>>> print(open('my_file-v7.pdb').read())   # PDB, C-alpha atoms, pLDDT in the B column
ATOM      1  CA  MET A   1      38.655 121.079 -92.718  1.00 46.00           C
ATOM      2  CA  LYS A   2      39.586 124.221 -90.825  1.00 54.00           C
ATOM      3  CA  TYR A   3      39.129 127.507 -92.646  1.00 61.00           C
ATOM      4  CA  GLU A   4      41.879 130.079 -92.209  1.00 86.00           C
ATOM      5  CA  ILE A   5      39.964 132.571 -94.369  1.00 93.00           C
ATOM      6  CA  ASN A   6      36.470 133.440 -93.160  1.00 93.00           C
ATOM      7  CA  MET A   7      34.336 136.374 -92.039  1.00 93.00           C
ATOM      8  CA  ASP A   8      36.357 136.585 -88.813  1.00 93.00           C
ATOM      9  CA  THR A   9      39.766 136.763 -90.509  1.00 94.00           C
ATOM     10  CA  ILE A  10      39.104 138.895 -93.608  1.00 96.00           C
ATOM     11  CA  VAL A  11      40.724 142.321 -93.237  1.00 97.00           C
ATOM     12  CA  LEU A  12      38.177 145.136 -92.986  1.00 97.00           C
ATOM     13  CA  ASP A  13      38.222 148.764 -94.136  1.00 97.00           C
ATOM     14  CA  PRO A  14      39.858 151.012 -92.839  1.00 95.00           C
ATOM     15  CA  ASN A  15      42.818 148.647 -92.223  1.00 97.00           C
ATOM     16  CA  PRO A  16      45.875 150.303 -93.859  1.00 97.00           C
ATOM     17  CA  VAL A  17      46.863 147.089 -95.737  1.00 97.00           C
ATOM     18  CA  LEU A  18      43.811 147.705 -97.958  1.00 98.00           C
ATOM     19  CA  ARG A  19      45.193 151.119 -98.983  1.00 98.00           C
ATOM     20  CA  ALA A  20      48.787 150.026 -99.615  1.00 98.00           C
ATOM     21  CA  LYS A  21      50.177 149.162-103.037  1.00 98.00           C
ATOM     22  CA  ALA A  22      50.815 145.415-102.861  1.00 98.00           C
ATOM     23  CA  GLU A  23      54.304 144.069-103.511  1.00 98.00           C
ATOM     24  CA  THR A  24      55.240 142.335-106.751  1.00 98.00           C
ATOM     25  CA  VAL A  25      55.480 138.556-106.301  1.00 98.00           C
ATOM     26  CA  LYS A  26      58.696 136.747-107.208  1.00 97.00           C
ATOM     27  CA  LEU A  27      58.371 134.002-109.799  1.00 97.00           C
ATOM     28  CA  PRO A  28      58.502 131.052-109.783  1.00 96.00           C
ATOM     29  CA  LEU A  29      55.988 131.079-106.948  1.00 97.00           C
ATOM     30  CA  SER A  30      57.182 129.979-103.537  1.00 97.00           C
ATOM     31  CA  ASN A  31      55.262 127.165-101.859  1.00 96.00           C
ATOM     32  CA  GLU A  32      53.921 129.712 -99.382  1.00 96.00           C
ATOM     33  CA  ASP A  33      52.528 131.918-102.182  1.00 97.00           C
ATOM     34  CA  LYS A  34      51.048 128.892-103.972  1.00 97.00           C
ATOM     35  CA  ASN A  35      49.344 127.731-100.768  1.00 96.00           C
ATOM     36  CA  THR A  36      47.985 131.223-100.087  1.00 96.00           C
ATOM     37  CA  LEU A  37      46.578 131.476-103.610  1.00 96.00           C
ATOM     38  CA  LEU A  38      45.062 127.975-103.414  1.00 96.00           C
ATOM     39  CA  LYS A  39      43.348 128.857-100.116  1.00 96.00           C
ATOM     40  CA  MET A  40      41.990 132.042-101.688  1.00 97.00           C
ATOM     41  CA  LEU A  41      40.646 130.130-104.699  1.00 97.00           C
ATOM     42  CA  GLN A  42      39.095 127.491-102.421  1.00 95.00           C
ATOM     43  CA  TYR A  43      37.434 130.249-100.403  1.00 96.00           C
ATOM     44  CA  VAL A  44      35.735 131.754-103.476  1.00 96.00           C
ATOM     45  CA  ARG A  45      34.618 128.331-104.668  1.00 95.00           C
ATOM     46  CA  ASP A  46      33.247 127.230-101.297  1.00 95.00           C
ATOM     47  CA  SER A  47      31.677 130.590-100.438  1.00 95.00           C
ATOM     48  CA  LYS A  48      28.993 129.976-103.088  1.00 93.00           C
ATOM     49  CA  ASP A  49      27.902 126.714-101.450  1.00 93.00           C
ATOM     50  CA  GLU A  50      25.240 127.707 -98.888  1.00 94.00           C
ATOM     51  CA  GLU A  51      25.948 124.749 -96.606  1.00 95.00           C
ATOM     52  CA  LEU A  52      29.721 125.301 -96.527  1.00 93.00           C
ATOM     53  CA  ALA A  53      29.295 129.075 -96.260  1.00 93.00           C
ATOM     54  CA  GLU A  54      27.120 128.729 -93.176  1.00 93.00           C
ATOM     55  CA  LYS A  55      29.253 126.016 -91.571  1.00 93.00           C
ATOM     56  CA  TYR A  56      32.587 127.840 -92.013  1.00 92.00           C
ATOM     57  CA  LYS A  57      31.377 131.480 -91.836  1.00 93.00           C
ATOM     58  CA  LEU A  58      32.154 132.263 -95.481  1.00 95.00           C
ATOM     59  CA  GLN A  59      30.682 135.376 -97.053  1.00 94.00           C
ATOM     60  CA  PRO A  60      29.660 134.696-100.695  1.00 94.00           C
ATOM     61  CA  ALA A  61      32.223 136.079-103.146  1.00 96.00           C
ATOM     62  CA  VAL A  62      33.403 135.825-106.739  1.00 96.00           C
ATOM     63  CA  GLY A  63      36.908 137.077-105.989  1.00 98.00           C
ATOM     64  CA  ILE A  64      39.381 137.775-103.210  1.00 98.00           C
ATOM     65  CA  ALA A  65      42.705 139.625-103.264  1.00 98.00           C
ATOM     66  CA  ALA A  66      45.701 138.872-101.030  1.00 98.00           C
ATOM     67  CA  PRO A  67      45.518 142.233 -99.169  1.00 98.00           C
ATOM     68  CA  GLN A  68      42.047 141.203 -97.973  1.00 98.00           C
ATOM     69  CA  ILE A  69      43.666 138.417 -95.963  1.00 97.00           C
ATOM     70  CA  GLY A  70      46.451 140.670 -94.703  1.00 96.00           C
ATOM     71  CA  VAL A  71      49.021 139.640 -97.331  1.00 97.00           C
ATOM     72  CA  SER A  72      50.286 142.685 -99.239  1.00 97.00           C
ATOM     73  CA  LYS A  73      51.204 140.821-102.429  1.00 98.00           C
ATOM     74  CA  GLN A  74      49.916 141.148-105.997  1.00 98.00           C
ATOM     75  CA  MET A  75      47.771 138.024-106.093  1.00 98.00           C
ATOM     76  CA  PHE A  76      44.064 137.333-106.378  1.00 98.00           C
ATOM     77  CA  ALA A  77      41.680 134.463-107.056  1.00 98.00           C
ATOM     78  CA  VAL A  78      38.421 134.614-109.008  1.00 98.00           C
ATOM     79  CA  SER A  79      35.694 132.034-109.622  1.00 96.00           C
ATOM     80  CA  VAL A  80      32.769 133.286-111.719  1.00 94.00           C
ATOM     81  CA  GLU A  81      29.863 131.419-113.262  1.00 88.00           C
ATOM     82  CA  ILE A  82      28.858 133.017-116.588  1.00 84.00           C
ATOM     83  CA  ASP A  83      25.314 132.056-117.597  1.00 80.00           C
ATOM     84  CA  ILE A  84      25.110 130.588-121.097  1.00 79.00           C
ATOM     85  CA  ASP A  85      21.386 129.764-120.920  1.00 79.00           C
ATOM     86  CA  ASP A  86      18.887 128.504-118.328  1.00 77.00           C
ATOM     87  CA  ASP A  87      20.542 125.103-118.027  1.00 79.00           C
ATOM     88  CA  TYR A  88      24.240 125.831-118.492  1.00 80.00           C
ATOM     89  CA  TYR A  89      26.951 128.103-117.240  1.00 84.00           C
ATOM     90  CA  ASP A  90      30.632 128.476-117.977  1.00 87.00           C
ATOM     91  CA  LEU A  91      32.915 128.475-114.932  1.00 91.00           C
ATOM     92  CA  LYS A  92      35.815 130.914-115.256  1.00 94.00           C
ATOM     93  CA  GLU A  93      38.548 130.564-112.636  1.00 96.00           C
ATOM     94  CA  TYR A  94      41.813 132.433-112.331  1.00 97.00           C
ATOM     95  CA  ALA A  95      44.585 132.600-109.743  1.00 98.00           C
ATOM     96  CA  LEU A  96      46.496 135.616-111.029  1.00 98.00           C
ATOM     97  CA  VAL A  97      49.833 136.991-109.906  1.00 98.00           C
ATOM     98  CA  ASN A  98      51.278 140.417-110.790  1.00 98.00           C
ATOM     99  CA  PRO A  99      48.327 141.309-113.070  1.00 98.00           C
ATOM    100  CA  ARG A 100      48.519 144.442-115.239  1.00 98.00           C
ATOM    101  CA  ILE A 101      45.874 145.979-117.458  1.00 98.00           C
ATOM    102  CA  ILE A 102      47.730 146.491-120.747  1.00 98.00           C
ATOM    103  CA  ALA A 103      44.759 147.746-122.804  1.00 98.00           C
ATOM    104  CA  HIS A 104      41.173 148.816-122.187  1.00 98.00           C
ATOM    105  CA  SER A 105      38.111 150.143-123.986  1.00 97.00           C
ATOM    106  CA  GLU A 106      36.961 153.734-123.764  1.00 97.00           C
ATOM    107  CA  LYS A 107      33.400 152.504-123.140  1.00 97.00           C
ATOM    108  CA  GLN A 108      32.539 152.054-119.489  1.00 97.00           C
ATOM    109  CA  VAL A 109      30.231 149.654-117.703  1.00 98.00           C
ATOM    110  CA  ALA A 110      28.759 149.344-114.196  1.00 98.00           C
ATOM    111  CA  LEU A 111      26.660 146.901-112.207  1.00 97.00           C
ATOM    112  CA  LYS A 112      23.054 148.087-111.864  1.00 96.00           C
ATOM    113  CA  THR A 113      23.045 147.450-108.103  1.00 96.00           C
ATOM    114  CA  GLY A 114      26.552 148.777-107.440  1.00 96.00           C
ATOM    115  CA  GLU A 115      29.404 146.682-106.076  1.00 97.00           C
ATOM    116  CA  GLY A 116      30.103 144.989-102.773  1.00 95.00           C
ATOM    117  CA  CYS A 117      33.278 143.779-101.116  1.00 97.00           C
ATOM    118  CA  LEU A 118      34.283 141.224 -98.483  1.00 97.00           C
ATOM    119  CA  SER A 119      36.392 143.887 -96.749  1.00 97.00           C
ATOM    120  CA  ILE A 120      33.716 146.577 -96.606  1.00 97.00           C
ATOM    121  CA  ARG A 121      30.795 146.203 -94.223  1.00 93.00           C
ATOM    122  CA  ASP A 122      29.494 149.790 -94.592  1.00 93.00           C
ATOM    123  CA  VAL A 123      26.999 150.506 -97.368  1.00 92.00           C
ATOM    124  CA  HIS A 124      28.357 152.581-100.271  1.00 95.00           C
ATOM    125  CA  GLU A 125      25.613 153.004-102.852  1.00 95.00           C
ATOM    126  CA  GLY A 126      26.178 154.048-106.439  1.00 97.00           C
ATOM    127  CA  LEU A 127      27.477 152.978-109.818  1.00 98.00           C
ATOM    128  CA  VAL A 128      31.153 152.059-109.994  1.00 98.00           C
ATOM    129  CA  PRO A 129      32.528 152.960-113.443  1.00 97.00           C
ATOM    130  CA  ARG A 130      34.725 150.257-114.993  1.00 98.00           C
ATOM    131  CA  TYR A 131      36.137 149.648-118.465  1.00 98.00           C
ATOM    132  CA  GLN A 132      33.822 147.418-120.492  1.00 98.00           C
ATOM    133  CA  ARG A 133      36.745 145.521-122.048  1.00 98.00           C
ATOM    134  CA  ILE A 134      40.223 144.971-120.663  1.00 98.00           C
ATOM    135  CA  ARG A 135      43.318 143.024-121.657  1.00 98.00           C
ATOM    136  CA  VAL A 136      45.350 141.748-118.733  1.00 98.00           C
ATOM    137  CA  LYS A 137      48.853 140.294-118.609  1.00 98.00           C
ATOM    138  CA  ALA A 138      49.635 138.126-115.573  1.00 98.00           C
ATOM    139  CA  TYR A 139      51.041 134.855-114.347  1.00 98.00           C
ATOM    140  CA  ASP A 140      48.173 132.375-113.854  1.00 97.00           C
ATOM    141  CA  MET A 141      48.912 129.735-111.233  1.00 97.00           C
ATOM    142  CA  ILE A 142      46.159 127.444-112.586  1.00 95.00           C
ATOM    143  CA  GLN A 143      47.777 127.302-116.043  1.00 94.00           C
ATOM    144  CA  ASP A 144      51.276 127.685-114.529  1.00 96.00           C
ATOM    145  CA  LYS A 145      52.368 130.263-117.087  1.00 96.00           C
ATOM    146  CA  GLU A 146      52.433 133.927-118.067  1.00 97.00           C
ATOM    147  CA  ILE A 147      49.254 134.724-119.984  1.00 97.00           C
ATOM    148  CA  THR A 148      47.378 137.554-121.657  1.00 98.00           C
ATOM    149  CA  LEU A 149      43.605 137.469-121.222  1.00 97.00           C
ATOM    150  CA  GLN A 150      40.707 139.568-122.475  1.00 97.00           C
ATOM    151  CA  PHE A 151      37.670 140.206-120.306  1.00 97.00           C
ATOM    152  CA  THR A 152      34.365 141.926-121.065  1.00 96.00           C
ATOM    153  CA  ASN A 153      31.365 143.168-119.109  1.00 95.00           C
ATOM    154  CA  TYR A 154      30.789 141.358-115.777  1.00 95.00           C
ATOM    155  CA  LEU A 155      34.085 139.455-115.761  1.00 96.00           C
ATOM    156  CA  ALA A 156      35.947 142.681-116.638  1.00 97.00           C
ATOM    157  CA  ILE A 157      34.276 144.363-113.646  1.00 98.00           C
ATOM    158  CA  VAL A 158      35.303 141.536-111.289  1.00 98.00           C
ATOM    159  CA  ILE A 159      38.922 141.532-112.507  1.00 98.00           C
ATOM    160  CA  GLN A 160      39.206 145.335-112.228  1.00 98.00           C
ATOM    161  CA  HIS A 161      37.761 145.220-108.691  1.00 98.00           C
ATOM    162  CA  GLU A 162      40.477 142.735-107.660  1.00 98.00           C
ATOM    163  CA  ILE A 163      43.296 144.596-109.453  1.00 98.00           C
ATOM    164  CA  ASP A 164      42.183 147.762-107.639  1.00 98.00           C
ATOM    165  CA  HIS A 165      42.720 145.926-104.323  1.00 98.00           C
ATOM    166  CA  LEU A 166      46.345 145.387-105.318  1.00 98.00           C
ATOM    167  CA  ASN A 167      46.736 149.139-105.828  1.00 98.00           C
ATOM    168  CA  GLY A 168      45.080 150.267-102.598  1.00 98.00           C
ATOM    169  CA  ILE A 169      41.852 151.335-104.316  1.00 98.00           C
ATOM    170  CA  LEU A 170      38.414 150.412-102.947  1.00 98.00           C
ATOM    171  CA  PHE A 171      35.277 150.286-105.098  1.00 98.00           C
ATOM    172  CA  TYR A 172      33.592 153.251-103.452  1.00 97.00           C
ATOM    173  CA  ASP A 173      36.510 155.568-104.330  1.00 97.00           C
ATOM    174  CA  THR A 174      35.130 156.068-107.856  1.00 95.00           C
ATOM    175  CA  ILE A 175      31.415 156.453-107.092  1.00 97.00           C
ATOM    176  CA  ASP A 176      30.265 159.939-108.101  1.00 95.00           C
ATOM    177  CA  LYS A 177      29.420 161.538-104.737  1.00 94.00           C
ATOM    178  CA  ASN A 178      26.973 164.081-106.257  1.00 95.00           C
ATOM    179  CA  THR A 179      25.065 161.749-108.605  1.00 96.00           C
ATOM    180  CA  PRO A 180      25.875 158.177-107.505  1.00 97.00           C
ATOM    181  CA  TRP A 181      23.233 156.490-109.682  1.00 97.00           C
ATOM    182  CA  ASP A 182      23.663 158.594-112.854  1.00 95.00           C
ATOM    183  CA  PRO A 183      24.753 156.158-115.591  1.00 94.00           C
ATOM    184  CA  LYS A 184      26.269 158.948-117.710  1.00 91.00           C
ATOM    185  CA  ASP A 185      27.539 157.051-120.783  1.00 92.00           C
ATOM    186  CA  MET A 186      28.043 153.737-118.991  1.00 95.00           C
ATOM    187  CA  LYS A 187      26.494 150.447-120.089  1.00 96.00           C
ATOM    188  CA  ILE A 188      24.519 149.095-117.127  1.00 96.00           C
ATOM    189  CA  ILE A 189      24.667 145.362-116.381  1.00 94.00           C
ATOM    190  CA  GLU A 190      21.875 143.641-114.454  1.00 88.00           C
TER     191      GLU A 190
END
>>> encode(input="my_file-v7.pdb", output="structure tokens")
Amino acid sequence: MKYEINMDTIVLDPNPVLRAKAETVKLPLSNEDKNTLLKMLQYVRDSKDEELAEKYKLQPAVGIAAPQIGVSKQMFAVSVEIDIDDDYYDLKEYALVNPRIIAHSEKQVALKTGEGCLSIRDVHEGLVPRYQRIRVKAYDMIQDKEITLQFTNYLAIVIQHEIDHLNGILFYDTIDKNTPWDPKDMKIIE
């Protein structure tokens, strides 16, 4: 299997495609858009497998947005394992098109170690404030229908990170430059 998406082909900051507002995708999805989204989802799945990641030069990821592969369209794929206990996890996967946050909490949350990104090789340290709870309306290619989903905590952070990519926003844009590690009123997630 040849990988079209890998560390050599992912678009890097400061490429202007990462700062552009991505175009709305026409529905029903074209075969080209479906194939692109499937490749993105496969990338996130395979990137967590150490053997595949090394063999195909995949950087570990939980999500990837179309602009990161040079496609300025409102699409992203996410594959996240949510720990239930020591022996089990719940796999959450989405291939979302034209996602919109239609409601969010006032309470904010951030990852204790800050965020990273496939498209950013430079280090940008600090807490990235995100809404703790969000409601998102989108077309999900996996379910093949328009859906409304609610996300909290870590999954909400991941989804907001990817939606930001579709709006030309990078995670380090919202880090407080004066006090990057000050949690203020944010809930901190390990």
>>> atom_distance(input="my_file-v7.pdb", atom1="atom CA of A:Ile120", atom2="atom CA of A:Arg19")
12.6 Å
>>> residues_around(input="my_file-v7.pdb", residues="A:Ile101", least_positions_apart="6", cutoff="7 Å", atoms="only C-alpha atoms", output="ChimeraX atom specification")
/A:134-137
>>> closest_atom_pairs(input="my_file-v7.pdb", of="stretch 140-189 of chain A", to="stretch 21-42 of chain A", cutoff="12 Å", atoms="all atoms listed in the file", output="CSV")
residue,atom,partner,partner_atom,distance
A:Asp140,CA,A:Leu37,CA,10.4
A:Met141,CA,A:Lys34,CA,7.6
A:Ile142,CA,A:Leu38,CA,9.3
A:Asp144,CA,A:Pro28,CA,9.3
A:Lys145,CA,A:Pro28,CA,9.6
A:Glu146,CA,A:Leu27,CA,10.2
A:Glu162,CA,A:Ala22,CA,11.7
A:Ile163,CA,A:Ala22,CA,10.0
A:Asp164,CA,A:Lys21,CA,9.3
A:His165,CA,A:Lys21,CA,8.2
A:Leu166,CA,A:Ala22,CA,5.1
A:Asn167,CA,A:Lys21,CA,4.4
A:Gly168,CA,A:Lys21,CA,5.2
A:Ile169,CA,A:Lys21,CA,8.7
A:Leu170,CA,A:Lys21,CA,11.8
>>> atom_distance(input="my_file-v7.pdb", atom1="atom CA of A:Arg133", atom2="atom CA of A:Asp185")
14.8 Å
>>> resolve_selection(input="my_file-v7.pdb", expression="the PyMOL selection byres ((chain A and resi 45) around 12)", output="PyMOL selection string")
chain A and resi 38-44+46-50+52-53+58-64+77-81+91-95
>>> write_last_selection(input="my_file-v7.pdb", atoms="C-alpha atoms", output="PDB file, in the frame of the given file")
ATOM      1  CA  LEU A  38      45.062 127.975-103.414  1.00 96.00           C
ATOM      2  CA  LYS A  39      43.348 128.857-100.116  1.00 96.00           C
ATOM      3  CA  MET A  40      41.990 132.042-101.688  1.00 97.00           C
ATOM      4  CA  LEU A  41      40.646 130.130-104.699  1.00 97.00           C
ATOM      5  CA  GLN A  42      39.095 127.491-102.421  1.00 95.00           C
ATOM      6  CA  TYR A  43      37.434 130.249-100.403  1.00 96.00           C
ATOM      7  CA  VAL A  44      35.735 131.754-103.476  1.00 96.00           C
ATOM      8  CA  ASP A  46      33.247 127.230-101.297  1.00 95.00           C
ATOM      9  CA  SER A  47      31.677 130.590-100.438  1.00 95.00           C
ATOM     10  CA  LYS A  48      28.993 129.976-103.088  1.00 93.00           C
ATOM     11  CA  ASP A  49      27.902 126.714-101.450  1.00 93.00           C
ATOM     12  CA  GLU A  50      25.240 127.707 -98.888  1.00 94.00           C
ATOM     13  CA  LEU A  52      29.721 125.301 -96.527  1.00 93.00           C
ATOM     14  CA  ALA A  53      29.295 129.075 -96.260  1.00 93.00           C
ATOM     15  CA  LEU A  58      32.154 132.263 -95.481  1.00 95.00           C
ATOM     16  CA  GLN A  59      30.682 135.376 -97.053  1.00 94.00           C
ATOM     17  CA  PRO A  60      29.660 134.696-100.695  1.00 94.00           C
ATOM     18  CA  ALA A  61      32.223 136.079-103.146  1.00 96.00           C
ATOM     19  CA  VAL A  62      33.403 135.825-106.739  1.00 96.00           C
ATOM     20  CA  GLY A  63      36.908 137.077-105.989  1.00 98.00           C
ATOM     21  CA  ILE A  64      39.381 137.775-103.210  1.00 98.00           C
ATOM     22  CA  ALA A  77      41.680 134.463-107.056  1.00 98.00           C
ATOM     23  CA  VAL A  78      38.421 134.614-109.008  1.00 98.00           C
ATOM     24  CA  SER A  79      35.694 132.034-109.622  1.00 96.00           C
ATOM     25  CA  VAL A  80      32.769 133.286-111.719  1.00 94.00           C
ATOM     26  CA  GLU A  81      29.863 131.419-113.262  1.00 88.00           C
ATOM     27  CA  LEU A  91      32.915 128.475-114.932  1.00 91.00           C
ATOM     28  CA  LYS A  92      35.815 130.914-115.256  1.00 94.00           C
ATOM     29  CA  GLU A  93      38.548 130.564-112.636  1.00 96.00           C
ATOM     30  CA  TYR A  94      41.813 132.433-112.331  1.00 97.00           C
ATOM     31  CA  ALA A  95      44.585 132.600-109.743  1.00 98.00           C
TER      32      ALA A  95
END
>>> decode(input="my_file-v7.pdb", residues="stretch 93-103 of chain A", atoms="all heavy atoms", output="mmCIF file, in the first residue's frame")
data_model
loop_
_atom_site.group_PDB
_atom_site.id
_atom_site.type_symbol
_atom_site.label_atom_id
_atom_site.label_comp_id
_atom_site.auth_asym_id
_atom_site.auth_seq_id
_atom_site.Cartn_x
_atom_site.Cartn_y
_atom_site.Cartn_z
ATOM 1 N N GLU A 93 -14.868 7.531 16.061
ATOM 2 C CA GLU A 93 -14.365 7.928 14.749
ATOM 3 C C GLU A 93 -15.419 8.750 14.011
ATOM 4 O O GLU A 93 -16.603 8.417 14.032
ATOM 5 C CB GLU A 93 -13.990 6.705 13.905
ATOM 6 C CG GLU A 93 -12.788 5.972 14.432
ATOM 7 C CD GLU A 93 -12.272 4.921 13.469
ATOM 8 O OE1 GLU A 93 -13.079 4.268 12.772
ATOM 9 O OE2 GLU A 93 -11.044 4.753 13.432
ATOM 10 N N TYR A 94 -14.920 9.809 13.386
ATOM 11 C CA TYR A 94 -15.797 10.703 12.628
ATOM 12 C C TYR A 94 -15.086 11.120 11.346
ATOM 13 O O TYR A 94 -13.874 11.311 11.338
ATOM 14 C CB TYR A 94 -16.142 11.953 13.443
ATOM 15 C CG TYR A 94 -16.761 11.629 14.783
ATOM 16 C CD1 TYR A 94 -15.980 11.565 15.926
ATOM 17 C CD2 TYR A 94 -18.121 11.342 14.887
ATOM 18 C CE1 TYR A 94 -16.531 11.242 17.155
ATOM 19 C CE2 TYR A 94 -18.683 11.011 16.113
ATOM 20 C CZ TYR A 94 -17.881 10.962 17.245
ATOM 21 O OH TYR A 94 -18.433 10.635 18.456
ATOM 22 N N ALA A 95 -15.859 11.268 10.290
ATOM 23 C CA ALA A 95 -15.370 11.831 9.029
ATOM 24 C C ALA A 95 -16.363 12.940 8.698
ATOM 25 O O ALA A 95 -17.370 12.709 8.031
ATOM 26 C CB ALA A 95 -15.322 10.771 7.944
ATOM 27 N N LEU A 96 -16.110 14.124 9.236
ATOM 28 C CA LEU A 96 -17.096 15.207 9.196
ATOM 29 C C LEU A 96 -16.865 16.190 8.054
ATOM 30 O O LEU A 96 -15.729 16.526 7.714
ATOM 31 C CB LEU A 96 -17.104 15.959 10.527
ATOM 32 C CG LEU A 96 -17.457 15.125 11.768
ATOM 33 C CD1 LEU A 96 -17.501 16.009 13.009
ATOM 34 C CD2 LEU A 96 -18.774 14.384 11.586
ATOM 35 N N VAL A 97 -17.986 16.637 7.504
ATOM 36 C CA VAL A 97 -17.994 17.577 6.392
ATOM 37 C C VAL A 97 -18.859 18.775 6.784
ATOM 38 O O VAL A 97 -19.928 18.614 7.376
ATOM 39 C CB VAL A 97 -18.576 16.895 5.124
ATOM 40 C CG1 VAL A 97 -18.662 17.870 3.966
ATOM 41 C CG2 VAL A 97 -17.743 15.676 4.751
ATOM 42 N N ASN A 98 -18.369 19.965 6.471
ATOM 43 C CA ASN A 98 -19.066 21.226 6.772
ATOM 44 C C ASN A 98 -19.501 21.323 8.243
ATOM 45 O O ASN A 98 -20.644 21.679 8.539
ATOM 46 C CB ASN A 98 -20.291 21.407 5.855
ATOM 47 C CG ASN A 98 -19.923 21.376 4.377
ATOM 48 O OD1 ASN A 98 -18.835 21.757 3.991
ATOM 49 N ND2 ASN A 98 -20.841 20.906 3.552
ATOM 50 N N PRO A 99 -18.610 21.035 9.182
ATOM 51 C CA PRO A 99 -18.993 21.069 10.603
ATOM 52 C C PRO A 99 -19.155 22.500 11.113
ATOM 53 O O PRO A 99 -18.408 23.399 10.708
ATOM 54 C CB PRO A 99 -17.812 20.388 11.298
ATOM 55 C CG PRO A 99 -16.640 20.723 10.427
ATOM 56 C CD PRO A 99 -17.183 20.717 9.019
ATOM 57 N N ARG A 100 -20.148 22.684 11.986
ATOM 58 C CA ARG A 100 -20.381 23.993 12.622
ATOM 59 C C ARG A 100 -20.659 23.771 14.097
ATOM 60 O O ARG A 100 -21.460 22.900 14.456
ATOM 61 C CB ARG A 100 -21.608 24.691 12.019
ATOM 62 C CG ARG A 100 -21.442 25.188 10.623
ATOM 63 C CD ARG A 100 -22.645 25.995 10.100
ATOM 64 N NE ARG A 100 -23.868 25.990 10.877
ATOM 65 C CZ ARG A 100 -24.902 25.172 10.705
ATOM 66 N NH1 ARG A 100 -24.844 24.241 9.785
ATOM 67 N NH2 ARG A 100 -25.987 25.279 11.439
ATOM 68 N N ILE A 101 -20.024 24.582 14.934
ATOM 69 C CA ILE A 101 -20.349 24.546 16.360
ATOM 70 C C ILE A 101 -21.624 25.363 16.518
ATOM 71 O O ILE A 101 -21.651 26.550 16.192
ATOM 72 C CB ILE A 101 -19.203 25.127 17.211
ATOM 73 C CG1 ILE A 101 -17.963 24.233 17.091
ATOM 74 C CG2 ILE A 101 -19.633 25.249 18.672
ATOM 75 C CD1 ILE A 101 -16.724 24.773 17.772
ATOM 76 N N ILE A 102 -22.697 24.714 16.989
ATOM 77 C CA ILE A 102 -23.983 25.411 17.112
ATOM 78 C C ILE A 102 -24.290 25.782 18.559
ATOM 79 O O ILE A 102 -25.209 26.568 18.806
ATOM 80 C CB ILE A 102 -25.138 24.589 16.493
ATOM 81 C CG1 ILE A 102 -25.230 23.204 17.128
ATOM 82 C CG2 ILE A 102 -24.968 24.494 14.973
ATOM 83 C CD1 ILE A 102 -26.457 22.404 16.712
ATOM 84 N N ALA A 103 -23.516 25.237 19.506
ATOM 85 C CA ALA A 103 -23.670 25.607 20.920
ATOM 86 C C ALA A 103 -22.391 25.207 21.646
ATOM 87 O O ALA A 103 -21.699 24.281 21.231
ATOM 88 C CB ALA A 103 -24.872 24.900 21.537
#
